[in-house]
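Below is one structure, written out as structure tokens; comments come after it.
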Amino acid sequence: MPEYEMRPPADEAGLDGLRVALVLGTAAGGVGRHVRSVAAGLAERGARVVVCGPADTEDRFGFARPGVRFAAVDLADRPRPLRDAKAVGRLRTLLRGADVLHAHGLRAGAFAA
């Protein structure tokens, strides 16, 4: 017997209350649009979504909407030890309690892990 709970497919059950965190680094185009689309779709189905990334990505893509909040995290595009350590600490706080975590990009994935 599996140790996990079997759930109906998402299209039947909805995503009510599921806590989803999406993490991205600096983005200028495709990744930002993709994350905006995923966040909006998840929220429309009842998930509570937080998008974590550099402040300018919110300015560029407008992730925040009903059911989606944006949290600024300084994920630099190259190694910067002090800033990176602060970003990891901030992500730890923001991601606590998430049911699902999806990171976009190598640095975002490493920091989220």
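Simple scheme: letters A, B, ... for chains in structure tokens order, numbers from 1 for residues in each chain, numbers from 1 for ligands in the order shown.
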
Report the residues of stretch 41-78 of chain A whose backbone DSSP state falls under strand (DSSP E), written as number ranges by chain.
-> A: 48-53, 68-72

Skip A:His34 itself and residues of its chain fewer than 5 positions away, then list as a ChimeraX atom specification all residues within 10 Å of it, counting only C-alpha atoms.
-> /A:29,39-40,61,104

A:Ala76 surroundings by only C-alpha atoms, 10 Å radius, close-in-sequence under 2 positions cut, as a PyMOL selection string = chain A and resi 25-26+53-54+73-74+78-80+83-84+87+107-108

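Summary of the local environment: counting only C-alpha atoms, residues at most 8 Å from stretch 62-66 of chain A, other than itself and those fewer than 5 positions away along its chain, are Val35, Arg36, Ala39, Ala40, Ala43, Val51 and Thr57 of chain A.
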
Export, as a short mmCIF file (atom, residue, chain, number, x, y, z; two decimals), in the first residue's frame, the selected residues with N, CA, C and O atoms.
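Saved the output as again.cif:
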data_model
loop_
_atom_site.label_atom_id
_atom_site.label_comp_id
_atom_site.auth_asym_id
_atom_site.auth_seq_id
_atom_site.Cartn_x
_atom_site.Cartn_y
_atom_site.Cartn_z
N VAL A 35 6.33 32.06 -16.16
CA VAL A 35 5.99 32.06 -14.74
C VAL A 35 4.70 32.83 -14.50
O VAL A 35 3.86 32.39 -13.71
N ARG A 36 4.52 33.97 -15.15
CA ARG A 36 3.27 34.74 -15.00
C ARG A 36 2.06 33.90 -15.41
O ARG A 36 1.06 33.85 -14.72
N ALA A 39 1.56 31.00 -12.81
CA ALA A 39 1.02 31.54 -11.56
C ALA A 39 -0.46 31.89 -11.70
O ALA A 39 -1.27 31.54 -10.83
N ALA A 40 -0.82 32.54 -12.78
CA ALA A 40 -2.21 32.92 -13.00
C ALA A 40 -3.10 31.69 -13.12
O ALA A 40 -4.19 31.63 -12.54
N ALA A 43 -3.57 30.04 -9.69
CA ALA A 43 -4.46 30.83 -8.84
C ALA A 43 -5.91 30.70 -9.28
O ALA A 43 -6.81 30.60 -8.44
N VAL A 51 5.28 34.12 -5.97
CA VAL A 51 6.37 34.18 -6.95
C VAL A 51 7.52 34.92 -6.27
O VAL A 51 7.33 36.03 -5.76
N THR A 57 11.71 41.95 -11.80
CA THR A 57 10.88 41.01 -12.57
C THR A 57 9.39 41.29 -12.33
O THR A 57 8.59 41.14 -13.24
#

Using only C-alpha atoms, pick whichever of A:Ala98, A:Val38, A:Leu82, A:Leu75 has the shortest atom-to-atom distance to A:Leu18.
-> A:Ala98

Have a look at atom CA of A:Ala27 and atom CA of A:Ala113 and let me know their distance in Å, one decimal.
->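 Interatomic distance, atom CA of A:Ala27 to atom CA of A:Ala113: 19.5 Å.
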
Interatomic distance, atom CA of A:Leu101 to atom CA of A:Gly30 (Å, one decimal) |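 The value is 19.4 Å.
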
So which bits of chain A end up helix (DSSP H, G or I) when you DSSP the backbone, as an MDAnalysis selection string?
-> chainID A and resid 10:13 30:44 55:61 81:95 106:112

Any chance you can output those residues with C-alpha atoms as a PDB file, in the first residue's frame?
ATOM      1  CA  ALA A  10      -6.418  18.278 -10.645  1.00  0.00           C
ATOM      2  CA  ASP A  11      -9.121  19.045 -13.208  1.00  0.00           C
ATOM      3  CA  GLU A  12     -11.632  17.208 -10.993  1.00  0.00           C
ATOM      4  CA  ALA A  13     -10.348  18.240  -7.577  1.00  0.00           C
ATOM      5  CA  GLY A  30      10.253  33.884 -22.001  1.00  0.00           C
ATOM      6  CA  VAL A  31      10.816  32.645 -18.455  1.00  0.00           C
ATOM      7  CA  GLY A  32       9.037  35.645 -16.944  1.00  0.00           C
ATOM      8  CA  ARG A  33       6.034  35.270 -19.240  1.00  0.00           C
ATOM      9  CA  HIS A  34       5.942  31.532 -18.514  1.00  0.00           C
ATOM     10  CA  VAL A  35       5.995  32.058 -14.738  1.00  0.00           C
ATOM     11  CA  ARG A  36       3.272  34.736 -15.003  1.00  0.00           C
ATOM     12  CA  SER A  37       1.100  32.325 -17.003  1.00  0.00           C
ATOM     13  CA  VAL A  38       1.682  29.388 -14.638  1.00  0.00           C
ATOM     14  CA  ALA A  39       1.021  31.542 -11.557  1.00  0.00           C
ATOM     15  CA  ALA A  40      -2.210  32.922 -12.996  1.00  0.00           C
ATOM     16  CA  GLY A  41      -3.436  29.474 -14.048  1.00  0.00           C
ATOM     17  CA  LEU A  42      -2.700  27.975 -10.646  1.00  0.00           C
ATOM     18  CA  ALA A  43      -4.455  30.829  -8.844  1.00  0.00           C
ATOM     19  CA  GLU A  44      -7.511  30.522 -11.089  1.00  0.00           C
ATOM     20  CA  ALA A  55      12.118  43.128  -7.731  1.00  0.00           C
ATOM     21  CA  ASP A  56      12.546  44.217 -11.343  1.00  0.00           C
ATOM     22  CA  THR A  57      10.879  41.014 -12.569  1.00  0.00           C
ATOM     23  CA  GLU A  58       7.640  42.098 -10.862  1.00  0.00           C
ATOM     24  CA  ASP A  59       7.958  45.501 -12.525  1.00  0.00           C
ATOM     25  CA  ARG A  60       8.528  43.854 -15.905  1.00  0.00           C
ATOM     26  CA  PHE A  61       5.969  41.030 -15.779  1.00  0.00           C
ATOM     27  CA  PRO A  81      28.545  35.477  -1.702  1.00  0.00           C
ATOM     28  CA  LEU A  82      27.024  37.927   0.782  1.00  0.00           C
ATOM     29  CA  ARG A  83      23.976  38.730  -1.354  1.00  0.00           C
ATOM     30  CA  ASP A  84      23.562  35.046  -2.187  1.00  0.00           C
ATOM     31  CA  ALA A  85      23.562  34.069   1.500  1.00  0.00           C
ATOM     32  CA  LYS A  86      20.909  36.708   2.216  1.00  0.00           C
ATOM     33  CA  ALA A  87      18.814  35.462  -0.714  1.00  0.00           C
ATOM     34  CA  VAL A  88      18.963  31.868   0.552  1.00  0.00           C
ATOM     35  CA  GLY A  89      17.859  33.026   4.006  1.00  0.00           C
ATOM     36  CA  ARG A  90      14.951  35.002   2.563  1.00  0.00           C
ATOM     37  CA  LEU A  91      13.882  32.048   0.426  1.00  0.00           C
ATOM     38  CA  ARG A  92      13.947  29.757   3.469  1.00  0.00           C
ATOM     39  CA  THR A  93      11.447  32.024   5.169  1.00  0.00           C
ATOM     40  CA  LEU A  94       9.254  32.489   2.097  1.00  0.00           C
ATOM     41  CA  LEU A  95       9.187  28.821   1.084  1.00  0.00           C
ATOM     42  CA  LEU A 106      20.050  27.074 -12.522  1.00  0.00           C
ATOM     43  CA  ARG A 107      20.729  29.664  -9.825  1.00  0.00           C
ATOM     44  CA  ALA A 108      17.076  29.869  -8.755  1.00  0.00           C
ATOM     45  CA  GLY A 109      16.974  26.078  -8.483  1.00  0.00           C
ATOM     46  CA  ALA A 110      20.196  25.922  -6.490  1.00  0.00           C
ATOM     47  CA  PHE A 111      19.069  28.636  -4.093  1.00  0.00           C
ATOM     48  CA  ALA A 112      15.607  27.083  -3.659  1.00  0.00           C
TER      49      ALA A 112
END

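Atom CA of A:Arg45 is positioned 25.0 Å from atom CA of A:Gly105.
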